[in-house]
Every structure is written in C-alpha cells, then in structure tokens.
$ cat target-v9.cif   # mmCIF, C-alpha atoms
data_coords
#
loop_
_atom_site.group_PDB
_atom_site.id
_atom_site.type_symbol
_atom_site.label_atom_id
_atom_site.label_comp_id
_atom_site.auth_asym_id
_atom_site.auth_seq_id
_atom_site.Cartn_x
_atom_site.Cartn_y
_atom_site.Cartn_z
ATOM 1 C CA MET A 30 10.741 6.537 6.216
ATOM 2 C CA LYS A 31 12.426 9.918 6.521
ATOM 3 C CA ILE A 32 10.685 13.273 6.002
ATOM 4 C CA GLU A 33 12.866 16.350 5.453
ATOM 5 C CA PRO A 34 11.136 19.740 5.186
ATOM 6 C CA THR A 35 12.356 22.782 3.283
ATOM 7 C CA GLU A 36 10.376 25.968 3.824
ATOM 8 C CA LEU A 37 10.035 28.172 0.748
ATOM 9 C CA GLU A 38 8.169 31.424 0.214
ATOM 10 C CA LYS A 39 5.054 29.851 -1.325
ATOM 11 C CA ALA A 40 5.228 26.271 -0.102
ATOM 12 C CA VAL A 41 6.875 23.684 2.067
ATOM 13 C CA VAL A 42 8.730 20.915 0.262
ATOM 14 C CA LEU A 43 8.667 17.600 2.127
ATOM 15 C CA LYS A 44 11.295 15.186 0.854
ATOM 16 C CA VAL A 45 10.032 11.686 1.660
ATOM 17 C CA THR A 46 12.498 8.809 1.443
ATOM 18 C CA GLY A 47 12.206 5.113 2.240
ATOM 19 C CA ARG A 48 9.067 3.044 2.669
ATOM 20 C CA MET A 49 5.623 4.376 3.571
ATOM 21 C CA ASP A 50 3.554 1.518 4.983
ATOM 22 C CA ALA A 51 0.796 0.726 7.480
ATOM 23 C CA GLU A 52 3.144 1.249 10.385
ATOM 24 C CA ASN A 53 4.423 4.703 9.486
ATOM 25 C CA ALA A 54 2.080 6.381 6.961
ATOM 26 C CA HIS A 55 0.527 8.420 9.801
ATOM 27 C CA GLU A 56 3.921 10.122 10.296
ATOM 28 C CA PHE A 57 3.561 11.829 6.910
ATOM 29 C CA GLU A 58 0.054 12.970 7.832
ATOM 30 C CA GLN A 59 1.273 14.299 11.181
ATOM 31 C CA ALA A 60 4.186 16.167 9.591
ATOM 32 C CA CYS A 61 1.789 17.818 7.116
ATOM 33 C CA GLU A 62 -0.707 18.673 9.846
ATOM 34 C CA ARG A 63 2.016 20.498 11.787
ATOM 35 C CA TRP A 64 2.818 22.665 8.749
ATOM 36 C CA ILE A 65 -0.879 23.249 7.986
ATOM 37 C CA SER A 66 -1.519 24.354 11.584
ATOM 38 C CA GLN A 67 1.316 26.876 11.154
ATOM 39 C CA GLY A 68 -0.424 28.372 8.116
ATOM 40 C CA THR A 69 1.155 26.419 5.239
ATOM 41 C CA ARG A 70 -1.279 26.157 2.310
ATOM 42 C CA HIS A 71 0.833 24.439 -0.345
ATOM 43 C CA ILE A 72 2.850 21.292 0.297
ATOM 44 C CA VAL A 73 5.077 19.811 -2.391
ATOM 45 C CA ALA A 74 5.910 16.160 -1.701
ATOM 46 C CA ASP A 75 9.263 15.209 -3.243
ATOM 47 C CA LEU A 76 8.810 11.454 -3.713
ATOM 48 C CA ASP A 77 11.961 10.746 -5.730
ATOM 49 C CA GLY A 78 13.334 8.727 -2.794
ATOM 50 C CA LEU A 79 10.068 6.957 -1.950
ATOM 51 C CA GLU A 80 10.605 3.247 -2.596
ATOM 52 C CA TYR A 81 7.277 1.796 -1.482
ATOM 53 C CA VAL A 82 3.771 2.941 -0.658
ATOM 54 C CA SER A 83 0.698 0.933 0.342
ATOM 55 C CA SER A 84 -2.988 1.864 0.588
ATOM 56 C CA MET A 85 -2.341 3.355 4.025
ATOM 57 C CA GLY A 86 0.032 5.786 2.312
ATOM 58 C CA LEU A 87 -2.609 6.572 -0.329
ATOM 59 C CA ARG A 88 -5.034 7.308 2.497
ATOM 60 C CA SER A 89 -2.528 9.743 4.033
ATOM 61 C CA PHE A 90 -1.882 11.527 0.713
ATOM 62 C CA LEU A 91 -5.640 11.843 0.073
ATOM 63 C CA THR A 92 -6.388 13.051 3.612
ATOM 64 C CA VAL A 93 -3.679 15.733 3.481
ATOM 65 C CA ALA A 94 -4.642 16.824 -0.052
ATOM 66 C CA GLN A 95 -8.298 17.217 0.941
ATOM 67 C CA GLU A 96 -7.376 19.163 4.070
ATOM 68 C CA LEU A 97 -5.212 21.546 2.022
ATOM 69 C CA GLN A 98 -7.794 21.901 -0.737
ATOM 70 C CA SER A 99 -10.478 22.827 1.827
ATOM 71 C CA ARG A 100 -8.148 25.714 2.791
ATOM 72 C CA SER A 101 -7.612 26.729 -0.852
ATOM 73 C CA GLY A 102 -4.214 25.041 -0.864
ATOM 74 C CA SER A 103 -2.726 22.003 -2.571
ATOM 75 C CA LEU A 104 -0.606 18.892 -2.193
ATOM 76 C CA SER A 105 1.604 18.306 -5.243
ATOM 77 C CA LEU A 106 3.334 14.987 -5.853
ATOM 78 C CA CYS A 107 6.745 15.021 -7.553
ATOM 79 C CA GLY A 108 9.231 12.420 -8.744
ATOM 80 C CA LEU A 109 6.867 9.434 -8.499
ATOM 81 C CA HIS A 110 8.489 6.311 -9.921
ATOM 82 C CA GLY A 111 8.755 2.565 -9.402
ATOM 83 C CA LEU A 112 6.184 0.873 -7.166
ATOM 84 C CA PRO A 113 4.716 4.127 -5.765
ATOM 85 C CA ARG A 114 3.978 5.290 -9.325
ATOM 86 C CA GLN A 115 2.427 1.894 -10.164
ATOM 87 C CA VAL A 116 0.179 2.162 -7.097
ATOM 88 C CA PHE A 117 -1.048 5.614 -8.162
ATOM 89 C CA GLU A 118 -1.528 4.373 -11.741
ATOM 90 C CA ILE A 119 -3.335 1.114 -10.868
ATOM 91 C CA THR A 120 -5.796 3.021 -8.650
ATOM 92 C CA LYS A 121 -5.967 5.839 -11.258
ATOM 93 C CA LEU A 122 -5.559 8.282 -8.360
ATOM 94 C CA ILE A 123 -2.667 9.742 -10.351
ATOM 95 C CA GLY A 124 -5.344 11.537 -12.380
ATOM 96 C CA ILE A 125 -6.799 13.530 -9.491
ATOM 97 C CA PHE A 126 -3.557 14.753 -7.882
ATOM 98 C CA PRO A 127 -1.336 17.500 -9.282
ATOM 99 C CA VAL A 128 1.652 15.378 -10.356
ATOM 100 C CA TYR A 129 4.986 16.786 -11.588
ATOM 101 C CA GLU A 130 8.321 15.392 -12.673
ATOM 102 C CA SER A 131 10.248 17.710 -10.350
ATOM 103 C CA THR A 132 9.695 19.966 -7.340
ATOM 104 C CA GLN A 133 10.842 22.941 -9.447
ATOM 105 C CA GLN A 134 7.948 22.353 -11.863
ATOM 106 C CA ALA A 135 5.475 22.045 -9.006
ATOM 107 C CA ILE A 136 6.681 25.231 -7.329
ATOM 108 C CA ALA A 137 6.583 27.147 -10.633
ATOM 109 C CA ARG A 138 2.852 26.273 -10.966
ATOM 110 C CA LEU A 139 1.870 27.687 -7.547
ATOM 111 C CA MET B 7 4.357 -33.517 -6.361
ATOM 112 C CA ASP B 8 3.767 -30.100 -4.769
ATOM 113 C CA GLU B 9 6.516 -28.702 -2.609
ATOM 114 C CA PRO B 10 5.715 -28.464 1.141
ATOM 115 C CA PHE B 11 4.573 -25.097 2.491
ATOM 116 C CA GLU B 12 6.956 -22.851 4.425
ATOM 117 C CA ARG B 13 4.952 -21.346 7.306
ATOM 118 C CA LEU B 14 5.248 -18.512 9.817
ATOM 119 C CA MET B 15 2.595 -17.707 12.431
ATOM 120 C CA LEU B 16 2.740 -14.500 14.487
ATOM 121 C CA PRO B 17 0.334 -12.457 16.648
ATOM 122 C CA ALA B 18 -2.250 -10.541 14.591
ATOM 123 C CA ARG B 19 -0.718 -7.114 15.220
ATOM 124 C CA LEU B 20 0.726 -4.389 12.998
ATOM 125 C CA ASP B 21 4.247 -5.047 14.303
ATOM 126 C CA SER B 22 4.047 -8.587 12.870
ATOM 127 C CA LEU B 23 3.652 -7.289 9.312
ATOM 128 C CA ARG B 24 7.311 -6.622 8.590
ATOM 129 C CA PRO B 25 8.640 -10.022 9.793
ATOM 130 C CA LEU B 26 5.872 -11.877 7.924
ATOM 131 C CA ILE B 27 6.491 -9.900 4.732
ATOM 132 C CA GLU B 28 10.262 -10.391 5.052
ATOM 133 C CA PHE B 29 9.651 -14.140 5.432
ATOM 134 C CA ALA B 30 7.682 -14.165 2.171
ATOM 135 C CA ARG B 31 10.252 -11.946 0.409
ATOM 136 C CA GLN B 32 12.942 -14.497 1.221
ATOM 137 C CA GLY B 33 10.741 -17.201 -0.310
ATOM 138 C CA GLY B 34 10.181 -15.006 -3.354
ATOM 139 C CA GLU B 35 13.890 -14.411 -3.762
ATOM 140 C CA LYS B 36 14.579 -18.146 -3.599
ATOM 141 C CA ALA B 37 11.861 -18.723 -6.197
ATOM 142 C CA GLY B 38 13.571 -16.235 -8.515
ATOM 143 C CA LEU B 39 11.216 -13.230 -8.329
ATOM 144 C CA GLY B 40 12.712 -9.893 -9.411
ATOM 145 C CA SER B 41 13.031 -6.896 -7.093
ATOM 146 C CA SER B 42 9.963 -5.064 -8.441
ATOM 147 C CA GLU B 43 7.922 -8.268 -8.099
ATOM 148 C CA LEU B 44 9.143 -8.647 -4.513
ATOM 149 C CA ASP B 45 7.943 -5.107 -3.763
ATOM 150 C CA GLN B 46 4.558 -5.901 -5.317
ATOM 151 C CA LEU B 47 4.365 -9.096 -3.239
ATOM 152 C CA ALA B 48 5.128 -7.057 -0.101
ATOM 153 C CA LEU B 49 2.306 -4.685 -1.048
ATOM 154 C CA VAL B 50 -0.222 -7.502 -1.601
ATOM 155 C CA LEU B 51 0.702 -9.097 1.726
ATOM 156 C CA GLU B 52 0.628 -5.818 3.640
ATOM 157 C CA GLU B 53 -2.884 -5.087 2.380
ATOM 158 C CA ILE B 54 -4.175 -8.532 3.435
ATOM 159 C CA LEU B 55 -2.316 -8.667 6.760
ATOM 160 C CA VAL B 56 -3.229 -5.142 7.860
ATOM 161 C CA ASN B 57 -6.915 -6.040 7.582
ATOM 162 C CA ILE B 58 -6.377 -9.076 9.806
ATOM 163 C CA ALA B 59 -4.255 -7.148 12.339
ATOM 164 C CA LEU B 60 -6.819 -4.350 12.643
ATOM 165 C CA TYR B 61 -10.158 -6.123 12.324
ATOM 166 C CA ALA B 62 -10.087 -9.944 12.537
ATOM 167 C CA TYR B 63 -10.098 -10.329 16.305
ATOM 168 C CA GLN B 64 -10.902 -6.925 17.815
ATOM 169 C CA PRO B 65 -11.174 -6.522 20.749
ATOM 170 C CA GLU B 66 -9.730 -10.015 21.322
ATOM 171 C CA GLU B 67 -6.270 -11.146 20.220
ATOM 172 C CA GLY B 68 -5.239 -13.944 17.877
ATOM 173 C CA ASP B 69 -2.736 -15.110 15.319
ATOM 174 C CA MET B 70 -2.147 -14.775 11.612
ATOM 175 C CA GLU B 71 -0.201 -17.222 9.473
ATOM 176 C CA LEU B 72 1.589 -16.812 6.189
ATOM 177 C CA ALA B 73 2.373 -19.928 4.159
ATOM 178 C CA TYR B 74 3.973 -20.200 0.737
ATOM 179 C CA ARG B 75 5.481 -22.707 -1.629
ATOM 180 C CA SER B 76 7.188 -22.203 -4.937
ATOM 181 C CA GLU B 77 5.071 -23.237 -7.870
ATOM 182 C CA GLY B 78 6.646 -23.594 -11.258
ATOM 183 C CA TYR B 79 9.095 -21.104 -12.704
ATOM 184 C CA SER B 80 9.375 -17.887 -10.624
ATOM 185 C CA LYS B 81 5.936 -18.340 -9.067
ATOM 186 C CA LEU B 82 4.719 -18.584 -5.508
ATOM 187 C CA TRP B 83 1.488 -19.988 -4.153
ATOM 188 C CA VAL B 84 0.638 -18.012 -1.010
ATOM 189 C CA GLU B 85 -1.928 -18.589 1.734
ATOM 190 C CA VAL B 86 -2.702 -16.084 4.502
ATOM 191 C CA SER B 87 -4.966 -17.240 7.313
ATOM 192 C CA ASP B 88 -6.451 -16.236 10.673
ATOM 193 C CA GLN B 89 -8.917 -17.628 13.198
ATOM 194 C CA GLY B 90 -10.882 -14.403 13.507
ATOM 195 C CA ARG B 91 -14.514 -13.793 12.748
ATOM 196 C CA CYS B 92 -15.725 -15.205 9.438
ATOM 197 C CA PHE B 93 -14.943 -12.481 6.881
ATOM 198 C CA ASN B 94 -14.213 -12.407 3.155
ATOM 199 C CA PRO B 95 -12.298 -9.207 2.367
ATOM 200 C CA LEU B 96 -12.558 -9.959 -1.373
ATOM 201 C CA ASP B 97 -16.276 -9.085 -1.160
ATOM 202 C CA ALA B 98 -15.433 -5.433 -0.436
ATOM 203 C CA PRO B 99 -16.931 -3.116 -3.074
ATOM 204 C CA GLU B 100 -14.494 -1.546 -5.517
ATOM 205 C CA PRO B 101 -13.763 2.068 -4.557
ATOM 206 C CA GLU B 102 -15.292 4.629 -6.876
ATOM 207 C CA LEU B 103 -12.907 7.092 -8.496
ATOM 208 C CA LYS B 104 -14.277 10.632 -8.319
ATOM 209 C CA ASP B 105 -13.515 13.459 -10.740
ATOM 210 C CA GLU B 106 -12.548 15.825 -7.948
ATOM 211 C CA LEU B 107 -9.964 15.096 -5.277
ATOM 212 C CA ILE B 108 -12.086 16.706 -2.562
ATOM 213 C CA ASP B 109 -14.929 14.192 -3.187
ATOM 214 C CA GLN B 110 -12.687 11.116 -3.189
ATOM 215 C CA LYS B 111 -13.128 8.494 -0.453
ATOM 216 C CA VAL B 112 -9.710 8.082 1.157
ATOM 217 C CA GLY B 113 -9.926 4.350 1.957
ATOM 218 C CA GLY B 114 -10.790 1.058 0.308
ATOM 219 C CA TRP B 115 -7.835 0.825 -2.089
ATOM 220 C CA GLY B 116 -6.017 -2.055 -0.388
ATOM 221 C CA ILE B 117 -8.114 -4.962 -1.623
ATOM 222 C CA PHE B 118 -8.425 -3.299 -5.036
ATOM 223 C CA LEU B 119 -4.603 -3.414 -5.326
ATOM 224 C CA VAL B 120 -4.517 -7.018 -4.076
ATOM 225 C CA LYS B 121 -7.026 -8.160 -6.712
ATOM 226 C CA PHE B 122 -5.078 -6.336 -9.421
ATOM 227 C CA LEU B 123 -1.684 -7.807 -8.565
ATOM 228 C CA ALA B 124 -2.487 -11.364 -7.413
ATOM 229 C CA GLU B 125 -3.624 -14.234 -9.642
ATOM 230 C CA SER B 126 -6.387 -16.761 -8.923
ATOM 231 C CA ILE B 127 -7.105 -15.132 -5.591
ATOM 232 C CA SER B 128 -9.823 -16.772 -3.522
ATOM 233 C CA TYR B 129 -11.264 -16.918 -0.016
ATOM 234 C CA ARG B 130 -12.391 -19.958 1.932
ATOM 235 C CA ARG B 131 -13.372 -20.699 5.518
ATOM 236 C CA GLU B 132 -11.816 -23.983 6.643
ATOM 237 C CA ASN B 133 -11.490 -25.504 10.113
ATOM 238 C CA GLY B 134 -12.426 -22.213 11.748
ATOM 239 C CA ARG B 135 -9.875 -20.198 9.748
ATOM 240 C CA ASN B 136 -10.277 -17.512 7.097
ATOM 241 C CA ILE B 137 -7.881 -18.404 4.275
ATOM 242 C CA ILE B 138 -6.925 -16.143 1.381
ATOM 243 C CA SER B 139 -4.888 -17.906 -1.285
ATOM 244 C CA PHE B 140 -3.329 -16.627 -4.499
ATOM 245 C CA ARG B 141 -0.606 -17.162 -7.064
ATOM 246 C CA PHE B 142 2.056 -14.512 -7.528
ATOM 247 C CA PRO B 143 2.977 -12.824 -9.768
ATOM 248 C CA ARG B 144 0.225 -12.757 -12.357
ATOM 249 C CA SER B 145 0.965 -14.641 -15.567
ATOM 250 C CA GLU B 146 0.619 -11.576 -17.770
ATOM 251 C CA THR B 147 3.009 -8.687 -17.088
ATOM 252 C CA ALA B 148 2.054 -7.987 -13.490
ATOM 253 C CA GLY B 149 0.751 -4.558 -12.647
ATOM 254 C CA THR B 150 0.860 -3.029 -16.091
ATOM 255 C CA SER B 151 -2.569 -3.980 -17.384
ATOM 256 C CA ASN B 152 -6.037 -4.384 -15.966
ATOM 257 C CA PRO B 153 -6.953 -7.820 -14.595
#
$ encode --input "target-v9.cif" --output "structure tokens"
Amino acid sequence: MKIEPTELEKAVVLKVTGRMDAENAHEFEQACERWISQGTRHIVADLDGLEYVSSMGLRSFLTVAQELQSRSGSLSLCGLHGLPRQVFEITKLIGIFPVYESTQQAIARL
Amino acid sequence: MDEPFERLMLPARLDSLRPLIEFARQGGEKAGLGSSELDQLALVLEEILVNIALYAYQPEEGDMELAYRSEGYSKLWVEVSDQGRCFNPLDAPEPELKDELIDQKVGGWGIFLVKFLAESISYRRENGRNIISFRFPRSETAGTSNP
C-alpha cells in the first residue's frame, strides 16, 4: 500500500493505492494521525487506486473518521470501486461516511 | 469421488497470512474463479486467519492450516484449522450499524463479511482442532445480495 499526501488549503488529500490489509492498515491510521496532530481537520481519502480492503482497513477508516469528527473535522472517501466498494456496501458503512465520486467533489463540499 | 485436499500449514502469525492466501488464490485460479472472486476469497481467508493469528494461541504459539479442494464447476471447498483454544468465531454477534459515524463500533465486521461471502460455512472441533469450513463462492451472485 502506498499513501501519497497533497496538502491543500482546506484539507489534506491522501491518495491510497494498493492493498489495505491486516498487515498494513495501521499505516493509514498513522499517516492520518500525523496530519491530525499538525492541525489538519479534513482528510480526503482518494481511493481510486485502492484494490483491496479488509475489516482491519474498515477499522482504520472508522477510527480516523471518529477522531476527525470529534475535532469538528471529517474523513471523506472518494473513488471507491471494486472490492473496497463492495466491502463498504455489504457492511452498509457506506451510508455513514461522506462518500464522493471524486476528490474535487469532496473538496467542494468542505 | 472427491478430489484430495491441497494443504499448507504455517505458524499462526500475521506474516503467514499472505503466503496462505496466495496458496488459496492459486487453487482458486486453477478451479476457474474470476479475479473479483479471488479478491473476495482473499478477504474471507484474511478475516478468518487474522483471528487465529491474533487470538487462538496467545500468549503461546501454534500453527494454522489452510486446505482446499475444487468442488464442481468453479467452486472450492475450503477448511481453515488451528489447535488453539476451543473457539467458534461464527458465534460472534453481528455488529450493529449506527445512524451516526461517531457512535459506530469500529470492529466486528470481519466475521460479518465472511458469513456474507462464504456458502455453507460451519465450525466444528475435531481432534483438538478448530475447523472452519465453507464453499466458495456462493451459488447466487456472490456479494451482491444479502445471504
């Protein structure tokens, strides 16, 4: 899994590519925590290149989203497709996250 | 007659997940599963194996074994086993979906996904081993409707 950050005025976009599984899901959480500790309140996860996510990944997304929400911020999910989208749909968690087709749409809503 | 099982046993640790899942993926490919089905199979196996790696033996160490055989057209019969403490993960309560993200429990989704994607899944304790067995993929269009 690769995580590439882009710092914008209102948010940080984290482009996540590859596979997020039990062995590496904590890396996403750690990357977000670093930005949150630096004052970031809105994180936009660009998941267009995410090929796979398991329940450990869901746990990381939920943990980060709750941390941001407790600081009046948000975690937006963009570009979900394939297996990661199925996982969010099967669990119905897709309904409680802000989900967008593109990062541009997510940023426009902040 | 049933085909013989292909088996791989490795230490019950997180770093054994990828080789065990790759072993099953190869079996799935040979059986004719498509790429999205292979990803779903990897997900089901990760969720079962991660529970064993983290909880079955702690603080002791032990093994976990993955066995599969092809069963009919583009189907696999899979068994995952360990010698850890007697435990049926399928008994775990279904996680409750909350209206608000902030109230949502972050864990408990693994076995929920397993039950959704695998067919005829069951648990048994046999000869001192916990054994989870299932057919994959589901007969109906896997992953697009409720079980």
$ interface_residues --input "target-v9.cif" --of "chain A" --to "chain B" --cutoff "9 Å" --atoms "only C-alpha atoms" --output "VMD selection string"
chain A and resid 50 to 52 80 to 85 87 to 92 94 to 96 98 to 99 111 to 112 115 to 116 118 to 122 124 to 126
$ residues_around --input "target-v9.cif" --residues "Ile58 of chain B" --least-positions-apart "2" --cutoff "8 Å" --atoms "all atoms listed in the file" --output "list in words"
Ala18, Ile54, Leu55, Val56, Leu60, Tyr61, Ala62, Tyr63, Met70, Asp88 and Gly90 of chain B
$ write_last_selection --input "target-v9.cif" --atoms "C-alpha atoms" --output "mmCIF file, in the frame of the given file"
data_model
loop_
_atom_site.group_PDB
_atom_site.id
_atom_site.type_symbol
_atom_site.label_atom_id
_atom_site.label_comp_id
_atom_site.auth_asym_id
_atom_site.auth_seq_id
_atom_site.Cartn_x
_atom_site.Cartn_y
_atom_site.Cartn_z
ATOM 1 C CA ALA B 18 -2.250 -10.541 14.591
ATOM 2 C CA ILE B 54 -4.175 -8.532 3.435
ATOM 3 C CA LEU B 55 -2.316 -8.667 6.760
ATOM 4 C CA VAL B 56 -3.229 -5.142 7.860
ATOM 5 C CA LEU B 60 -6.819 -4.350 12.643
ATOM 6 C CA TYR B 61 -10.158 -6.123 12.324
ATOM 7 C CA ALA B 62 -10.087 -9.944 12.537
ATOM 8 C CA TYR B 63 -10.098 -10.329 16.305
ATOM 9 C CA MET B 70 -2.147 -14.775 11.612
ATOM 10 C CA ASP B 88 -6.451 -16.236 10.673
ATOM 11 C CA GLY B 90 -10.882 -14.403 13.507
#
$ residues_near_point --input "target-v9.cif" --point "(-5.4, 25.6, -2.6)" --cutoff "12 Å" --atoms "only C-alpha atoms" --output "JSON, numbers by chain"
{"A": [39, 40, 65, 69, 70, 71, 72, 73, 93, 94, 95, 96, 97, 98, 99, 100, 101, 102, 103, 104, 105, 127, 138, 139], "B": [107, 108]}
$ closest_residue --input "target-v9.cif" --among "B:Arg141, B:Arg19, B:Lys121, B:Arg131" --to "Lys81 of chain B" --atoms "only C-alpha atoms"
B:Arg141
$ resolve_selection --input "target-v9.cif" --expression "the PyMOL selection byres ((chain A and resi 31) around 6)" --output "PDB file with C-alpha atoms, in the coordinates of the input"
ATOM      1  CA  MET A  30      10.741   6.537   6.216  1.00  0.00           C
ATOM      2  CA  ILE A  32      10.685  13.273   6.002  1.00  0.00           C
ATOM      3  CA  VAL A  45      10.032  11.686   1.660  1.00  0.00           C
ATOM      4  CA  THR A  46      12.498   8.809   1.443  1.00  0.00           C
TER       5      THR A  46
END
$ resolve_selection --input "target-v9.cif" --expression "the PyMOL selection byres ((chain B and resi 96) around 9)" --output "list in words"
Phe93, Asn94, Pro95, Asp97, Ala98, Pro99, Ile117, Phe118, Val120, Lys121, Ile127, Ser128, Tyr129 and Ile138 of chain B
$ residues_around --input "target-v9.cif" --residues "Gly108 of chain A" --least-positions-apart "4" --cutoff "10 Å" --atoms "only C-alpha atoms" --output "number ranges by chain"
A: 74-79, 113-114, 128-132
$ closest_residue --input "target-v9.cif" --among "B:Ala73, B:Leu44, B:Leu16, B:Ile137" --to "Gln89 of chain B" --atoms "all atoms listed in the file"
B:Ile137
$ resolve_selection --input "target-v9.cif" --expression "the PyMOL selection byres ((chain B and resi 39) around 12)" --output "compact mmCIF listing (two decimals) with C-alpha atoms, in the frame of the given file"
# COMPACT_ATOMS: atom_id res chain seq x y z
CA ALA B 30 7.68 -14.16 2.17
CA ARG B 31 10.25 -11.95 0.41
CA GLN B 32 12.94 -14.50 1.22
CA GLY B 33 10.74 -17.20 -0.31
CA GLY B 34 10.18 -15.01 -3.35
CA GLU B 35 13.89 -14.41 -3.76
CA LYS B 36 14.58 -18.15 -3.60
CA ALA B 37 11.86 -18.72 -6.20
CA GLY B 38 13.57 -16.24 -8.52
CA GLY B 40 12.71 -9.89 -9.41
CA SER B 41 13.03 -6.90 -7.09
CA SER B 42 9.96 -5.06 -8.44
CA GLU B 43 7.92 -8.27 -8.10
CA LEU B 44 9.14 -8.65 -4.51
CA ASP B 45 7.94 -5.11 -3.76
CA GLN B 46 4.56 -5.90 -5.32
CA LEU B 47 4.36 -9.10 -3.24
CA ALA B 48 5.13 -7.06 -0.10
CA SER B 76 7.19 -22.20 -4.94
CA GLU B 77 5.07 -23.24 -7.87
CA GLY B 78 6.65 -23.59 -11.26
CA TYR B 79 9.10 -21.10 -12.70
CA SER B 80 9.38 -17.89 -10.62
CA LYS B 81 5.94 -18.34 -9.07
CA LEU B 82 4.72 -18.58 -5.51
CA PHE B 142 2.06 -14.51 -7.53
CA PRO B 143 2.98 -12.82 -9.77
CA ARG B 144 0.22 -12.76 -12.36
CA ALA B 148 2.05 -7.99 -13.49
$ closest_residue --input "target-v9.cif" --among "B:Glu67, B:Glu100, B:Glu9, B:Glu85" --to "Asn136 of chain B" --atoms "all atoms listed in the file"
B:Glu85
$ decode --input "target-v9.cif" --residues "segment 84-132 of chain B" --atoms "C-alpha atoms" --output "PDB file, in the first residue's frame"
ATOM      1  CA  VAL B  84     -12.060 -24.649   1.973  1.00  0.00           C
ATOM      2  CA  GLU B  85     -11.103 -25.656   5.511  1.00  0.00           C
ATOM      3  CA  VAL B  86      -9.104 -23.454   7.897  1.00  0.00           C
ATOM      4  CA  SER B  87      -7.944 -25.016  11.150  1.00  0.00           C
ATOM      5  CA  ASP B  88      -5.855 -24.412  14.276  1.00  0.00           C
ATOM      6  CA  GLN B  89      -5.050 -26.203  17.522  1.00  0.00           C
ATOM      7  CA  GLY B  90      -5.749 -23.188  19.709  1.00  0.00           C
ATOM      8  CA  ARG B  91      -8.299 -22.825  22.448  1.00  0.00           C
ATOM      9  CA  CYS B  92     -11.782 -24.064  21.579  1.00  0.00           C
ATOM     10  CA  PHE B  93     -13.473 -21.088  19.889  1.00  0.00           C
ATOM     11  CA  ASN B  94     -16.246 -20.655  17.331  1.00  0.00           C
ATOM     12  CA  PRO B  95     -15.825 -17.253  15.664  1.00  0.00           C
ATOM     13  CA  LEU B  96     -19.154 -17.723  13.842  1.00  0.00           C
ATOM     14  CA  ASP B  97     -20.918 -17.182  17.192  1.00  0.00           C
ATOM     15  CA  ALA B  98     -19.771 -13.543  17.272  1.00  0.00           C
ATOM     16  CA  PRO B  99     -22.746 -11.154  17.419  1.00  0.00           C
ATOM     17  CA  GLU B 100     -23.492  -9.196  14.260  1.00  0.00           C
ATOM     18  CA  PRO B 101     -22.204  -5.623  14.554  1.00  0.00           C
ATOM     19  CA  GLU B 102     -24.919  -3.020  14.922  1.00  0.00           C
ATOM     20  CA  LEU B 103     -24.974  -0.245  12.338  1.00  0.00           C
ATOM     21  CA  LYS B 104     -25.463   3.142  13.989  1.00  0.00           C
ATOM     22  CA  ASP B 105     -27.047   6.208  12.398  1.00  0.00           C
ATOM     23  CA  GLU B 106     -24.110   8.416  13.310  1.00  0.00           C
ATOM     24  CA  LEU B 107     -20.495   7.693  12.443  1.00  0.00           C
ATOM     25  CA  ILE B 108     -19.275   8.898  15.838  1.00  0.00           C
ATOM     26  CA  ASP B 109     -21.369   6.213  17.627  1.00  0.00           C
ATOM     27  CA  GLN B 110     -20.259   3.345  15.385  1.00  0.00           C
ATOM     28  CA  LYS B 111     -18.233   0.485  16.892  1.00  0.00           C
ATOM     29  CA  VAL B 112     -15.070   0.233  14.801  1.00  0.00           C
ATOM     30  CA  GLY B 113     -14.594  -3.557  14.979  1.00  0.00           C
ATOM     31  CA  GLY B 114     -16.530  -6.767  14.474  1.00  0.00           C
ATOM     32  CA  TRP B 115     -17.006  -6.560  10.698  1.00  0.00           C
ATOM     33  CA  GLY B 116     -14.670  -9.405   9.727  1.00  0.00           C
ATOM     34  CA  ILE B 117     -16.896 -12.369  10.523  1.00  0.00           C
ATOM     35  CA  PHE B 118     -19.916 -10.469   9.187  1.00  0.00           C
ATOM     36  CA  LEU B 119     -18.144 -10.241   5.795  1.00  0.00           C
ATOM     37  CA  VAL B 120     -17.125 -13.913   5.968  1.00  0.00           C
ATOM     38  CA  LYS B 121     -20.715 -15.047   6.578  1.00  0.00           C
ATOM     39  CA  PHE B 122     -21.940 -12.855   3.722  1.00  0.00           C
ATOM     40  CA  LEU B 123     -19.454 -14.102   1.137  1.00  0.00           C
ATOM     41  CA  ALA B 124     -18.986 -17.794   2.015  1.00  0.00           C
ATOM     42  CA  GLU B 125     -21.547 -20.561   1.484  1.00  0.00           C
ATOM     43  CA  SER B 126     -22.459 -23.360   3.908  1.00  0.00           C
ATOM     44  CA  ILE B 127     -19.973 -22.068   6.442  1.00  0.00           C
ATOM     45  CA  SER B 128     -19.694 -24.090   9.636  1.00  0.00           C
ATOM     46  CA  TYR B 129     -17.484 -24.636  12.670  1.00  0.00           C
ATOM     47  CA  ARG B 130     -16.501 -27.906  14.298  1.00  0.00           C
ATOM     48  CA  ARG B 131     -13.995 -29.010  16.918  1.00  0.00           C
ATOM     49  CA  GLU B 132     -12.296 -32.233  15.822  1.00  0.00           C
TER      50      GLU B 132
END
